[in-house]
Amino acid sequence: MSDKVFLDTNLVIYSYSEDETQKFKIANRLLAKCENHIIISTQVINELTNTLLRKFHLNVYEVKTVISELNSNFPIVNFTLQTQLKAIEIKERY
């Protein structure tokens with residue numbers, strides 16, 4: 001696989017959620033399979049931060065640790081208007 005893969009927020013959340021064992025396993029299996037091709041957008045980081053603080057009640061330090069871990073393992077890119085327009089073009093084509 002040479003294509004880049006944008007991660008959805010839910011996949012990242014499930015990769016950390018030990019409460020939902022099946023989703024945890026599937027998410028981590030997918031992450032391992034695509035490991036060298038994954039890109040995370042700042043939008044996903046924002047959504048993840050909100051979910052970890054509100055739903056999982058992690059403290060700020062824990063959330064920063066998760067974000068730092070993601071940043072160490074995957075490129076995190078800004079999601080610009082140009083990115084959105086390109087995504088719409090790709091969706092239309094495929």
# chains A, B, ... in the order shown; residues from 1 in each chain; ligands from 1

$ select_by_dssp --residues "region 8-90 of chain A" --states "alpha helix (DSSP H)" --output "PyMOL selection string"
chain A and resi 9-16+21-34+42-54+60-73+81-90

$ write_last_selection --atoms "C-alpha atoms" --output "short mmCIF file (atom, residue, chain, number, x, y, z; two decimals), in the first residue's frame"
data_model
loop_
_atom_site.label_atom_id
_atom_site.label_comp_id
_atom_site.auth_asym_id
_atom_site.auth_seq_id
_atom_site.Cartn_x
_atom_site.Cartn_y
_atom_site.Cartn_z
CA THR A 9 -11.50 10.37 14.81
CA ASN A 10 -13.50 7.31 15.85
CA LEU A 11 -10.72 4.97 14.80
CA VAL A 12 -8.25 6.86 16.97
CA ILE A 13 -10.69 6.86 19.90
CA TYR A 14 -11.29 3.11 19.60
CA SER A 15 -7.56 2.48 19.50
CA TYR A 16 -7.38 3.89 23.03
CA THR A 21 -12.68 -4.65 23.39
CA GLN A 22 -13.77 -5.67 19.89
CA LYS A 23 -13.49 -2.13 18.49
CA PHE A 24 -10.15 -1.70 20.29
CA LYS A 25 -8.77 -4.83 18.59
CA ILE A 26 -10.07 -3.90 15.13
CA ALA A 27 -8.81 -0.31 15.38
CA ASN A 28 -5.35 -1.38 16.45
CA ARG A 29 -5.20 -4.06 13.75
CA LEU A 30 -6.06 -1.43 11.12
CA LEU A 31 -3.50 0.99 12.55
CA ALA A 32 -0.80 -1.66 12.44
CA LYS A 33 -1.70 -2.58 8.85
CA CYS A 34 -1.55 1.03 7.63
CA THR A 42 -5.69 18.82 13.06
CA GLN A 43 -9.48 18.40 12.87
CA VAL A 44 -9.11 14.85 14.22
CA ILE A 45 -6.86 16.12 17.01
CA ASN A 46 -9.50 18.71 17.96
CA GLU A 47 -12.32 16.15 17.93
CA LEU A 48 -10.21 13.65 19.87
CA THR A 49 -9.31 16.24 22.50
CA ASN A 50 -12.96 17.11 23.01
CA THR A 51 -13.98 13.44 23.31
CA LEU A 52 -11.17 12.53 25.69
CA LEU A 53 -11.95 15.48 27.97
CA ARG A 54 -15.76 15.24 27.95
CA VAL A 60 -5.36 17.83 30.43
CA TYR A 61 -2.03 16.12 31.07
CA GLU A 62 -3.40 12.76 29.85
CA VAL A 63 -4.85 14.35 26.71
CA LYS A 64 -1.56 16.09 25.97
CA THR A 65 0.20 12.74 26.38
CA VAL A 66 -2.12 11.10 23.83
CA ILE A 67 -1.63 13.94 21.35
CA SER A 68 2.14 13.83 21.82
CA GLU A 69 2.10 10.07 21.24
CA LEU A 70 0.14 10.52 18.02
CA ASN A 71 2.48 13.30 16.91
CA SER A 72 5.48 11.05 17.53
CA ASN A 73 4.01 8.24 15.44
CA LEU A 81 -9.80 24.83 2.47
CA GLN A 82 -7.60 23.54 -0.37
CA THR A 83 -7.53 20.13 1.30
CA GLN A 84 -11.34 20.12 1.55
CA LEU A 85 -11.76 21.10 -2.09
CA LYS A 86 -9.32 18.38 -3.22
CA ALA A 87 -11.21 15.82 -1.11
CA ILE A 88 -14.45 16.79 -2.85
CA GLU A 89 -12.78 16.35 -6.25
CA ILE A 90 -11.47 12.92 -5.26
#

$ closest_atom_pairs --of "region 22-69 of chain A" --to "region 74-77 of chain A" --cutoff "8 Å" --atoms "only C-alpha atoms" --output "Markdown table"
| residue | atom | partner | partner_atom | distance |
| --- | --- | --- | --- | --- |
| A:Ile38 | CA | A:Phe74 | CA | 6.2 |
| A:Ile39 | CA | A:Pro75 | CA | 5.3 |
| A:Ile40 | CA | A:Ile76 | CA | 4.7 |
| A:Ser41 | CA | A:Val77 | CA | 4.8 |
| A:Thr42 | CA | A:Val77 | CA | 6.0 |

$ closest_residue --among "A:Lys4, A:Thr80, A:Asp19, A:Lys91" --to "Asn36 (chain A)" --atoms "only C-alpha atoms"
A:Lys4

$ select_by_dssp --residues "chain A" --states "strand (DSSP E or B)" --output "list of chain:residue names"
A:Val5, A:Phe6, A:Ile38, A:Ile39, A:Ile40, A:Ser41, A:Ile76, A:Val77
